[in-house]
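Enquirer: Input input-v9.txt, format and content: compact mmCIF, C-alpha atoms.
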```txt
# COMPACT_ATOMS: atom_id res chain seq x y z
CA MET L 1 -10.13 11.51 -29.31
CA LYS L 2 -8.50 13.22 -32.31
CA ASN L 3 -6.05 15.08 -30.09
CA VAL L 4 -5.10 11.87 -28.30
CA LEU L 5 -4.46 10.09 -31.60
CA ASN L 6 -2.31 12.95 -32.87
CA ALA L 7 -0.28 13.09 -29.67
CA PHE L 8 0.28 9.36 -29.21
CA LEU L 9 0.15 8.02 -32.77
CA PRO L 10 3.90 7.13 -32.86
CA LEU L 11 3.54 5.05 -29.68
CA TYR L 12 0.37 3.34 -30.90
CA THR L 13 1.98 2.56 -34.27
CA THR L 14 5.03 1.13 -32.54
CA THR L 15 2.84 -1.00 -30.28
CA LEU L 16 0.85 -2.32 -33.25
CA LEU L 17 3.97 -3.34 -35.19
CA MET L 18 5.66 -4.86 -32.15
CA LEU L 19 2.65 -7.00 -31.19
CA LEU L 20 2.17 -7.94 -34.84
CA GLY L 21 5.59 -9.58 -34.78
CA SER L 22 5.11 -11.03 -31.30
CA GLY L 23 1.74 -12.60 -32.09
CA LEU L 24 3.03 -14.11 -35.32
CA LEU L 25 6.19 -15.46 -33.68
CA THR L 26 4.37 -17.15 -30.79
CA THR L 27 1.92 -19.01 -33.04
CA TYR L 28 4.54 -19.81 -35.68
CA ILE L 29 6.91 -21.48 -33.21
CA SER L 30 4.15 -23.65 -31.74
CA LEU L 31 2.92 -24.63 -35.22
CA ARG L 32 6.41 -25.32 -36.52
CA LEU L 33 7.28 -27.59 -33.59
CA ALA L 34 3.90 -29.35 -33.74
CA HIS L 35 4.38 -30.10 -37.46
CA ASP L 36 7.85 -31.46 -36.62
CA GLU L 37 6.20 -33.66 -33.94
CA VAL L 38 8.28 -32.17 -31.15
CA ASN L 39 7.43 -33.31 -27.61
CA GLY L 40 4.69 -31.22 -25.97
CA THR L 41 6.86 -30.70 -22.91
CA ILE L 42 9.50 -28.99 -25.04
CA ILE L 43 6.90 -26.72 -26.65
CA GLY L 44 5.69 -25.80 -23.18
CA ALA L 45 9.27 -25.15 -22.06
CA ILE L 46 9.82 -22.70 -24.92
CA THR L 47 6.65 -20.82 -23.97
CA ALA L 48 7.64 -20.86 -20.30
CA ALA L 49 11.06 -19.43 -21.22
CA ASN L 50 9.34 -16.48 -22.88
CA TYR L 51 7.31 -15.72 -19.74
CA LEU L 52 10.35 -16.20 -17.53
CA GLY L 53 12.12 -13.62 -19.67
CA LEU L 54 9.21 -11.23 -19.18
CA VAL L 55 9.46 -11.63 -15.41
CA ILE L 56 13.23 -11.06 -15.37
CA GLY L 57 12.86 -8.14 -17.75
CA GLY L 58 10.86 -6.21 -15.15
CA LYS L 59 14.05 -5.59 -13.17
CA VAL L 60 16.49 -5.43 -16.09
CA GLY L 61 14.32 -2.96 -18.00
CA HIS L 62 14.08 -0.59 -15.07
CA ASN L 63 17.87 -0.42 -14.73
CA LEU L 64 18.41 -0.11 -18.49
CA ILE L 65 15.94 2.75 -18.92
CA ALA L 66 17.38 4.56 -15.91
CA ARG L 67 20.90 4.24 -17.38
CA VAL L 68 20.45 5.13 -21.07
CA GLY L 69 16.96 6.62 -21.38
CA HIS L 70 13.72 5.50 -23.01
CA ILE L 71 14.56 5.76 -26.73
CA ARG L 72 18.01 4.14 -26.50
CA ALA L 73 16.63 1.34 -24.33
CA TYR L 74 13.83 0.63 -26.81
CA VAL L 75 16.10 0.72 -29.87
CA SER L 76 18.74 -1.57 -28.34
CA CYS L 77 16.11 -4.11 -27.24
CA ALA L 78 14.45 -4.08 -30.66
CA GLY L 79 17.82 -4.80 -32.28
CA ILE L 80 18.45 -7.75 -29.95
CA ILE L 81 14.96 -9.14 -30.61
CA THR L 82 15.42 -8.88 -34.38
CA ALA L 83 18.72 -10.76 -34.16
CA SER L 84 17.14 -13.40 -31.91
CA VAL L 85 14.25 -13.93 -34.34
CA VAL L 86 16.70 -14.47 -37.21
CA GLY L 87 18.61 -16.86 -34.95
CA HIS L 88 15.59 -19.19 -34.94
CA GLY L 89 16.09 -19.66 -38.69
CA LEU L 90 19.81 -20.40 -38.45
CA SER L 91 19.49 -23.51 -36.30
CA ASP L 92 16.89 -26.07 -35.21
CA PHE L 93 18.73 -26.75 -31.94
CA ILE L 94 15.94 -26.70 -29.35
CA PRO L 95 18.01 -25.52 -26.34
CA LEU L 96 19.07 -22.53 -28.47
CA TRP L 97 15.41 -21.76 -29.21
CA ILE L 98 14.61 -21.87 -25.49
CA PHE L 99 17.43 -19.42 -24.79
CA LEU L 100 16.36 -17.13 -27.65
CA ARG L 101 12.77 -17.06 -26.37
CA LEU L 102 14.09 -16.11 -22.93
CA VAL L 103 16.06 -13.24 -24.46
CA ILE L 104 13.09 -12.10 -26.56
CA GLY L 105 10.79 -12.12 -23.53
CA LEU L 106 13.30 -10.12 -21.48
CA CYS L 107 13.79 -7.50 -24.20
CA MET L 108 10.08 -7.23 -24.95
CA MET L 109 9.36 -6.48 -21.30
CA CYS L 110 11.84 -3.60 -21.55
CA GLN L 111 9.98 -2.35 -24.60
CA TYR L 112 6.62 -2.55 -22.81
CA MET L 113 8.07 -0.61 -19.91
CA VAL L 114 9.27 2.12 -22.26
CA LEU L 115 5.89 2.41 -23.99
CA GLU L 116 3.68 2.29 -20.91
CA SER L 117 5.84 4.60 -18.79
CA TRP L 118 5.91 7.04 -21.70
CA LEU L 119 2.13 6.90 -22.03
CA ASN L 120 1.64 7.19 -18.29
CA ASP L 121 3.90 10.23 -17.96
CA ARG L 122 2.25 12.13 -20.79
CA ALA L 123 -1.35 11.17 -19.98
CA GLU L 124 -3.54 13.78 -18.33
CA PRO L 125 -5.78 12.31 -15.58
CA SER L 126 -8.91 13.28 -17.53
CA GLN L 127 -7.67 11.42 -20.65
CA ARG L 128 -5.93 8.43 -19.07
CA GLY L 129 -8.82 6.03 -19.72
CA THR L 130 -9.01 6.95 -23.41
CA ILE L 131 -5.23 6.83 -23.86
CA PHE L 132 -4.81 3.39 -22.34
CA GLY L 133 -8.00 2.11 -23.96
CA LEU L 134 -6.55 2.92 -27.40
CA TYR L 135 -3.28 1.33 -26.29
CA MET L 136 -5.15 -1.90 -25.53
CA VAL L 137 -6.89 -1.73 -28.92
CA ALA L 138 -3.49 -1.43 -30.63
CA THR L 139 -2.22 -4.36 -28.55
CA TYR L 140 -5.06 -6.71 -29.46
CA LEU L 141 -5.13 -5.61 -33.10
CA GLY L 142 -1.42 -6.39 -33.34
CA LEU L 143 -1.85 -9.86 -31.82
CA CYS L 144 -4.79 -10.62 -34.13
CA GLY L 145 -2.96 -9.18 -37.15
CA GLY L 146 -0.13 -11.66 -36.62
CA GLN L 147 -2.62 -14.51 -36.98
CA ILE L 148 -4.01 -12.97 -40.19
CA ILE L 149 -0.50 -12.91 -41.68
CA LEU L 150 -0.14 -16.58 -40.77
CA MET L 151 -3.45 -17.33 -42.51
CA ALA L 152 -2.36 -15.48 -45.65
CA ALA L 153 1.04 -17.20 -45.77
CA ALA L 154 -0.47 -20.64 -44.99
CA GLY L 155 2.89 -22.21 -44.24
CA THR L 156 5.48 -22.86 -41.56
CA SER L 157 8.62 -22.25 -43.60
CA PRO L 158 11.50 -20.30 -42.03
CA SER L 159 10.62 -17.37 -44.30
CA MET L 160 7.91 -16.48 -41.79
CA LEU L 161 10.69 -15.48 -39.41
CA LEU L 162 11.72 -12.79 -41.89
CA ILE L 163 8.26 -11.22 -41.58
CA VAL L 164 8.57 -11.28 -37.79
CA ALA L 165 12.02 -9.69 -37.98
CA LEU L 166 10.63 -7.10 -40.40
CA CYS L 167 7.90 -6.13 -37.91
CA PHE L 168 10.38 -5.71 -35.06
CA ALA L 169 12.71 -3.68 -37.29
CA LEU L 170 9.91 -1.37 -38.48
CA CYS L 171 8.63 -0.76 -34.95
CA LEU L 172 11.88 1.17 -34.37
CA VAL L 173 10.96 3.88 -36.86
CA PRO L 174 8.13 5.73 -35.04
CA ILE L 175 10.07 5.76 -31.75
CA ALA L 176 13.34 6.84 -33.38
CA LEU L 177 11.71 9.72 -35.28
CA THR L 178 9.60 11.15 -32.46
CA THR L 179 10.78 14.42 -30.94
CA ARG L 180 8.61 14.12 -27.81
CA THR L 181 10.78 12.65 -25.07
CA THR L 182 9.10 13.89 -21.91
CA ALA L 183 9.00 10.56 -20.05
CA GLN L 184 10.41 10.88 -16.56
CA PRO L 185 12.85 8.47 -14.83
CA MET L 186 11.14 5.62 -12.99
CA SER L 187 11.27 4.99 -9.27
CA PRO L 188 11.17 1.48 -7.78
CA ALA L 189 8.28 0.44 -5.57
CA PRO L 190 8.49 -1.82 -2.49
CA MET L 191 7.06 -5.31 -3.01
CA GLU L 192 5.68 -6.03 0.50
CA LEU L 193 5.23 -9.72 -0.33
CA GLY L 194 4.73 -10.74 3.30
CA TYR L 195 1.89 -8.29 3.77
CA PHE L 196 -0.01 -9.45 0.69
CA PHE L 197 0.50 -13.14 1.49
CA LYS L 198 -1.40 -12.46 4.74
CA ALA L 199 -3.92 -9.93 3.39
CA ILE L 200 -5.04 -11.50 0.09
CA PRO L 201 -3.72 -15.10 -0.06
CA LYS L 202 -6.73 -16.38 -2.00
CA LEU L 203 -6.49 -13.69 -4.65
CA LEU L 204 -2.78 -14.37 -5.12
CA ALA L 205 -3.55 -18.09 -5.53
CA ALA L 206 -6.31 -17.30 -8.04
CA THR L 207 -3.94 -15.01 -9.96
CA LEU L 208 -1.38 -17.82 -10.13
CA VAL L 209 -4.01 -20.11 -11.69
CA MET L 210 -5.04 -17.37 -14.14
CA GLY L 211 -1.43 -17.13 -15.25
CA MET L 212 -1.25 -20.89 -15.76
CA ALA L 213 -4.29 -20.77 -18.07
CA ALA L 214 -3.06 -17.78 -20.07
CA GLY L 215 0.47 -19.16 -20.51
CA ALA L 216 -0.87 -22.53 -21.64
CA PHE L 217 -3.22 -20.84 -24.11
CA TYR L 218 -0.62 -18.72 -25.88
CA GLY L 219 1.87 -21.55 -26.12
CA LEU L 220 -0.30 -24.61 -26.74
CA ALA L 221 -3.55 -23.46 -28.40
CA PRO L 222 -1.92 -23.84 -31.86
CA VAL L 223 -0.91 -27.38 -30.88
CA PHE L 224 -4.52 -28.07 -29.89
CA ALA L 225 -5.69 -26.78 -33.27
CA ILE L 226 -3.24 -29.03 -35.12
CA SER L 227 -4.40 -32.03 -33.07
CA LYS L 228 -7.93 -31.33 -34.32
CA GLY L 229 -6.75 -31.60 -37.92
CA LEU L 230 -6.98 -27.87 -38.71
CA THR L 231 -4.94 -26.48 -41.57
CA THR L 232 -2.47 -23.64 -41.06
CA GLN L 233 -5.04 -21.15 -42.35
CA GLN L 234 -7.71 -22.50 -40.01
CA THR L 235 -5.26 -22.44 -37.10
CA GLY L 236 -4.48 -18.79 -37.82
CA LEU L 237 -8.19 -18.00 -37.88
CA PHE L 238 -8.71 -19.96 -34.65
CA MET L 239 -5.96 -18.02 -32.87
CA GLY L 240 -7.06 -14.67 -34.29
CA VAL L 241 -10.70 -15.13 -33.23
CA THR L 242 -9.85 -16.36 -29.73
CA ILE L 243 -7.41 -13.49 -29.13
CA PHE L 244 -9.94 -10.99 -30.50
CA ALA L 245 -12.39 -12.35 -27.92
CA GLY L 246 -10.16 -10.82 -25.26
CA MET L 247 -10.70 -7.33 -26.64
CA VAL L 248 -14.43 -7.88 -27.08
CA SER L 249 -14.87 -8.91 -23.45
CA GLN L 250 -13.07 -6.00 -21.81
CA PHE L 251 -15.55 -3.18 -22.33
CA PRO L 252 -18.73 -5.06 -21.21
CA LEU L 253 -16.66 -6.31 -18.29
CA SER L 254 -15.76 -2.74 -17.33
CA TRP L 255 -19.45 -1.80 -17.26
CA LEU L 256 -20.46 -4.84 -15.19
CA SER L 257 -17.52 -4.59 -12.80
CA ASP L 258 -18.42 -1.03 -11.78
CA ARG L 259 -22.08 -1.92 -11.11
CA TYR L 260 -22.14 -5.40 -9.52
CA ASP L 261 -20.29 -7.24 -6.77
CA ARG L 262 -16.89 -7.98 -8.28
CA GLN L 263 -16.18 -11.14 -6.31
CA ARG L 264 -19.48 -12.67 -7.34
CA LEU L 265 -18.81 -11.58 -10.92
CA LEU L 266 -15.42 -13.32 -10.75
CA PHE L 267 -17.16 -16.50 -9.58
CA TYR L 268 -19.67 -16.46 -12.46
CA THR L 269 -16.92 -15.69 -14.99
CA ALA L 270 -14.82 -18.61 -13.71
CA VAL L 271 -17.84 -20.92 -13.93
CA LEU L 272 -18.48 -19.75 -17.50
CA PHE L 273 -14.81 -20.39 -18.31
CA ALA L 274 -15.04 -23.94 -16.94
CA LEU L 275 -18.36 -24.74 -18.67
CA ALA L 276 -17.27 -23.29 -22.02
CA SER L 277 -13.99 -25.23 -21.93
CA LEU L 278 -15.60 -28.53 -20.95
CA PRO L 279 -17.07 -29.46 -24.41
CA LEU L 280 -13.68 -28.94 -26.07
CA SER L 281 -12.10 -31.26 -23.50
CA VAL L 282 -14.52 -34.19 -23.83
CA LEU L 283 -15.96 -34.07 -27.36
CA PRO L 284 -13.52 -35.67 -29.82
CA HIS L 285 -15.20 -34.52 -33.03
CA LEU L 286 -16.60 -31.04 -33.62
CA SER L 287 -17.05 -29.10 -36.82
CA PHE L 288 -14.66 -26.19 -37.32
CA TRP L 289 -17.30 -23.52 -36.76
CA TRP L 290 -18.58 -25.14 -33.56
CA LEU L 291 -14.98 -25.39 -32.40
CA LEU L 292 -14.44 -21.73 -33.17
CA GLY L 293 -17.64 -20.56 -31.45
CA ILE L 294 -17.08 -22.50 -28.22
CA ALA L 295 -13.42 -21.44 -28.06
CA PHE L 296 -14.50 -17.80 -28.54
CA VAL L 297 -16.75 -17.96 -25.46
CA SER L 298 -14.05 -19.73 -23.46
CA SER L 299 -11.49 -17.06 -24.36
CA MET L 300 -13.88 -14.23 -23.51
CA ALA L 301 -14.22 -15.66 -20.00
CA MET L 302 -10.51 -16.44 -19.64
CA PHE L 303 -9.37 -12.94 -20.67
CA SER L 304 -11.84 -11.41 -18.19
CA LEU L 305 -10.44 -13.17 -15.12
CA TYR L 306 -7.23 -11.22 -14.53
CA PRO L 307 -8.73 -7.71 -14.84
CA LEU L 308 -11.43 -8.74 -12.36
CA GLY L 309 -8.82 -10.14 -9.98
CA VAL L 310 -6.87 -6.87 -10.12
CA ALA L 311 -10.01 -4.83 -9.44
CA ILE L 312 -10.98 -7.01 -6.46
CA ALA L 313 -7.46 -6.88 -5.01
CA ASN L 314 -7.52 -3.08 -5.16
CA ASP L 315 -10.81 -3.13 -3.21
CA TYR L 316 -9.08 -4.87 -0.29
CA VAL L 317 -5.88 -2.82 -0.16
CA ASP L 318 -5.09 0.66 1.13
CA PRO L 319 -4.46 3.24 -1.62
CA GLN L 320 -0.88 3.65 -0.41
CA ARG L 321 -0.17 -0.02 -1.16
CA ARG L 322 -1.69 -0.22 -4.65
CA VAL L 323 1.64 0.37 -6.34
CA SER L 324 3.34 -2.64 -4.73
CA LEU L 325 0.11 -4.65 -5.12
CA THR L 326 0.42 -4.42 -8.92
CA ALA L 327 3.95 -5.83 -8.77
CA CYS L 328 2.87 -8.74 -6.55
CA LEU L 329 -0.07 -9.65 -8.76
CA LEU L 330 2.05 -9.56 -11.90
CA MET L 331 4.72 -11.65 -10.19
CA ALA L 332 2.14 -14.31 -9.26
CA PHE L 333 0.69 -14.20 -12.78
CA GLY L 334 4.15 -14.52 -14.33
CA ILE L 335 5.06 -17.55 -12.20
CA GLY L 336 1.80 -19.22 -13.22
CA ALA L 337 2.43 -18.40 -16.88
CA CYS L 338 5.80 -20.17 -16.61
CA VAL L 339 4.38 -23.27 -14.90
CA GLY L 340 1.19 -23.64 -16.98
CA PRO L 341 2.76 -24.45 -20.39
CA LEU L 342 5.26 -26.87 -18.83
CA VAL L 343 2.64 -28.92 -16.96
CA THR L 344 0.01 -28.81 -19.69
CA GLY L 345 2.51 -29.61 -22.45
CA ALA L 346 3.78 -32.63 -20.54
CA VAL L 347 0.24 -33.98 -20.10
CA MET L 348 -0.81 -33.23 -23.69
CA GLN L 349 1.93 -35.46 -25.09
CA PRO L 350 0.45 -38.80 -23.95
CA PHE L 351 -3.26 -37.86 -23.74
CA GLY L 352 -3.81 -35.60 -26.76
CA GLY L 353 -4.77 -32.01 -27.52
CA ASN L 354 -8.10 -32.08 -25.62
CA VAL L 355 -6.09 -31.97 -22.41
CA LEU L 356 -5.51 -28.24 -22.96
CA TYR L 357 -9.18 -27.38 -22.48
CA PHE L 358 -9.52 -29.96 -19.73
CA CYS L 359 -6.82 -28.00 -17.89
CA PHE L 360 -8.78 -24.82 -18.61
CA THR L 361 -11.83 -26.48 -17.03
CA LEU L 362 -9.82 -27.33 -13.92
CA CYS L 363 -8.47 -23.78 -13.78
CA GLY L 364 -11.99 -22.36 -14.01
CA VAL L 365 -13.26 -24.66 -11.25
CA THR L 366 -10.30 -23.77 -9.03
CA ILE L 367 -10.75 -20.01 -9.50
CA GLY L 368 -14.48 -20.36 -8.94
CA ALA L 369 -13.91 -22.27 -5.70
CA ILE L 370 -11.43 -19.67 -4.46
CA SER L 371 -13.76 -16.77 -5.27
CA TRP L 372 -16.74 -18.54 -3.65
CA ILE L 373 -14.98 -18.87 -0.28
CA ARG L 374 -15.18 -15.57 1.58
CA LYS L 375 -14.14 -16.61 5.07
CA ARG L 376 -11.28 -14.70 6.69
CA GLN L 377 -11.17 -12.26 3.80
CA PRO L 378 -10.19 -8.73 4.90
CA GLU L 379 -12.93 -6.14 4.99
CA ILE L 380 -13.33 -3.97 1.92
CA ILE L 381 -11.87 -0.49 2.41
CA VAL L 382 -14.65 1.97 1.65
CA ASP L 383 -12.51 4.72 0.11
CA ALA L 384 -10.24 2.32 -1.77
CA PRO L 385 -12.19 0.88 -4.75
CA LEU L 386 -11.11 2.14 -8.16
CA PRO L 387 -13.08 2.13 -11.41
CA HIS L 388 -12.44 -0.96 -13.49
CA VAL L 389 -9.50 -0.43 -15.86
CA VAL L 390 -9.34 -2.22 -19.21
CA MET L 391 -6.18 -4.33 -19.19
CA PRO L 392 -4.88 -7.57 -20.66
CA ASP L 393 -4.66 -10.81 -18.72
CA SER L 394 -1.13 -11.58 -19.65
CA LEU L 395 2.31 -10.08 -19.32
CA THR L 396 2.33 -9.16 -22.99
CA SER L 397 1.61 -5.55 -22.10
CA SER L 398 1.89 -5.32 -18.31
CA PRO L 399 5.35 -4.40 -17.07
CA LEU L 400 6.42 -5.72 -13.70
CA ALA L 401 7.48 -2.26 -12.56
CA ALA L 402 4.51 -1.42 -10.37
CA VAL L 403 5.19 2.28 -10.65
CA LEU L 404 3.78 2.10 -14.20
CA ASN L 405 0.26 1.26 -12.99
CA PRO L 406 -1.95 3.55 -15.18
CA THR L 407 -4.63 3.87 -12.47
CA LEU L 408 -2.30 5.75 -10.11
CA ASP L 409 -1.43 9.41 -9.96
CA GLU L 410 2.06 10.63 -9.14
CA GLU L 411 0.92 11.75 -5.69
CA VAL L 412 -0.04 8.18 -4.72
CA ILE L 413 3.28 6.83 -5.96
CA GLN L 414 5.21 9.42 -4.01
CA GLU L 415 3.32 8.51 -0.83
CA VAL L 416 4.65 4.96 -1.15
CA MET L 417 8.22 6.14 -1.59
CA VAL L 418 8.30 8.62 1.31
CA ASP L 419 7.95 7.69 4.99
CA THR L 420 5.48 9.89 6.86
CA PRO L 421 6.03 9.26 10.59
CA ASN L 422 4.89 12.74 11.54
CA GLU L 423 1.52 12.25 9.90
CA ALA L 424 1.08 8.92 11.66
CA GLN L 425 1.89 10.52 15.02
CA GLU L 426 -0.61 13.31 14.39
CA GLU L 427 -3.31 10.74 13.59
CA GLU L 428 -2.54 8.85 16.81
CA GLY L 429 -2.76 12.11 18.77
CA GLU L 430 -6.12 12.97 17.25
CA SER L 431 -7.43 9.48 18.09
CA ALA L 432 -6.27 9.87 21.71
CA ASP L 433 -8.04 13.24 21.98
CA ARG L 434 -11.28 11.76 20.70
CA VAL L 435 -11.07 8.89 23.20
CA ALA L 436 -10.44 11.36 26.03
```
Any chance you could put this one into structure tokens?
Expert:
Amino acid sequence: MKNVLNAFLPLYTTTLLMLLGSGLLTTYISLRLAHDEVNGTIIGAITAANYLGLVIGGKVGHNLIARVGHIRAYVSCAGIITASVVGHGLSDFIPLWIFLRLVIGLCMMCQYMVLESWLNDRAEPSQRGTIFGLYMVATYLGLCGGQIILMAAAGTSPSMLLIVALCFALCLVPIALTTRTTAQPMSPAPMELGYFFKAIPKLLAATLVMGMAAGAFYGLAPVFAISKGLTTQQTGLFMGVTIFAGMVSQFPLSWLSDRYDRQRLLFYTAVLFALASLPLSVLPHLSFWWLLGIAFVSSMAMFSLYPLGVAIANDYVDPQRRVSLTACLLMAFGIGACVGPLVTGAVMQPFGGNVLYFCFTLCGVTIGAISWIRKRQPEIIVDAPLPHVVMPDSLTSSPLAAVLNPTLDEEVIQEVMVDTPNEAQEEEGESADRVA
């Protein structure tokens, strides 16, 4: 553990500072617009623009890193993000904010790709779980730390944007000063969308719904808190506790996922998500602590859905296709994360904040129904299942470049990139001999 911390401390520090600014910015924008009584549809559109930028950034980041290298790509994107954050304070023009969120999402995806490819290249197979586990801890601590800053400031003045810009400026320092630049150039992976639409259509549909729930949460949970009459400090605590629930749920989930039927576990988790969200959708008056406790359970279930979906999808897919599978799942999740805030924000405007958790209830029921139906599902490949990997349920730290999947070794990736007709012919010949 000590050796891992010493080797990767600059990357972990950079991740912590970057997510500190990102978590604070996301909640601040929603709170600021809610206090200004901006239409819920517009708030959802701003959140959707961020996720759309993340999706686009998967391709842009790959080309940028290949052209100028990891450090230059990270530094240039951090500079653009800092300027975009300051731009929010120069004008209240909503279309400009939507564009700036798109740019920030695009550049942040490039930064995630730099960090995760760097970690993946330097991680020994025996230490990969520890390395990426600490990376997830830094991610969640950064997101929660942003909410703590919001609680301490207890305001929605434009000066909060200076703190966000400060975080993104400081995250440059550890990367710029490091002398360890051993990350290798990235290779693109084939998507194979048609194959996965036929092989795992239900899982892709469930992943889309998971993305809708996660996108709506990050963009509209602060609006829900304001609709319940919470102060800025209470809203910061609400967001911090519910995001922290995601980190708490991952490690018990890893233990359960490796010991019980994953599809059944996904069903029970979706049911828990629906049941935990239901009281917050129908009860108009709850004390703050009851609100916090129920939302904590709901978030634990919600943040467990995507990692389970990824694990199940890997059970049904050949090892040679796991690289492109990651890209397809993230693409489905990203599309859902764009649609979720738009639809939920539009419905919240006339019907109130409780609609957010009513939508979560519907998402839980839908995912549960999809996971319950097992007809026409492809048979599980015996040698394919992988150990459960701790990962987030959003694009905030999952680059679209499938080649960055931390569960894969370089040999598996190379098998996807290289055609092996001779091996296939040899296998066919061996099968013919056995039949004869």
Enquirer: When distances are computed from only C-alpha atoms, which of L:Leu161, L:Cys338, L:Leu230, L:Leu166 shows the smallest separation from L:Gly105?
Expert: L:Cys338
Enquirer: Hey, what's within 12 Å of L:Arg72 if we count all atoms listed in the file and toss same-chain stuff fewer than 2 positions away? As number ranges by chain, please?
Expert: L: 61, 64-70, 74-79, 110-111, 114, 172, 175-176, 181
Enquirer: Could you list, as a list in words, every residue within 9 Å of L:Ala138, counting all atoms listed in the file and ignoring same-chain residues fewer than 3 positions away?
Expert: Tyr12, Thr13, Thr15, Leu16, Leu17, Leu19, Gly133, Leu134, Tyr135, Leu141, Gly142 and Leu143 of chain L
Enquirer: Could you check how far atom CA of L:Leu150 sits from atom CA of L:Val164, in Å to one decimal?
Expert: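 A separation of 10.6 Å between them.
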Enquirer: Which value, in Å to one decimal, gives the distance between atom CA of L:Trp289 and atom CA of L:Tyr218?
Expert: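 Calculated distance between atom CA of L:Trp289 and atom CA of L:Tyr218 is 20.5 Å.
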Enquirer: Show me, as a PDB file with C-alpha atoms, in the frame of the given file, the residues that have an atom within 9 Å of L:Ala205 when counting all atoms listed in the file, minus same-chain residues fewer than 5 positions from it.
Expert:
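Wrote selection_28.pdb, looks like this:
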```
ATOM      1  CA  ILE L 200      -5.040 -11.500   0.090  1.00  0.00           C
ATOM      2  CA  MET L 210      -5.040 -17.370 -14.140  1.00  0.00           C
ATOM      3  CA  ALA L 332       2.140 -14.310  -9.260  1.00  0.00           C
ATOM      4  CA  ILE L 367     -10.750 -20.010  -9.500  1.00  0.00           C
ATOM      5  CA  ILE L 370     -11.430 -19.670  -4.460  1.00  0.00           C
TER       6      ILE L 370
END
```
Enquirer: Report, in Å with one decimal, the straight-line distance from atom CA of L:Gly215 to atom CA of L:Ser298.
Expert: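 Pair atom CA of L:Gly215 / atom CA of L:Ser298 returns 14.8 Å.
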Enquirer: Residues near L:Ile312, anyone? I mean within 8 Å using all atoms listed in the file, not counting same-chain ones fewer than 4 positions away, as a PyMOL selection string.
Expert: chain L and resi 262-263+308+316
Enquirer: Would you mind telling me which residue in L:Gly293, L:Gly53, L:Gly345, L:Gly368 lies nearest to L:Ala276 when using only C-alpha atoms?
Expert: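 Of the candidates, the smallest distance to L:Ala276 is held by L:Gly293.
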Enquirer: Which of these residues is nearest to L:Arg264, using all atoms listed in the file: L:Gly309, L:Gly246, L:Pro252, L:Pro10?
Expert: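 Among L:Gly309, L:Gly246, L:Pro252, L:Pro10, it is L:Gly309 that comes nearest to L:Arg264.
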Enquirer: Using only C-alpha atoms for the distances, tell me which of L:Ile94, L:Ala45, L:Ile243, L:Val271 is nearest to L:Thr27.
Expert: L:Ile243
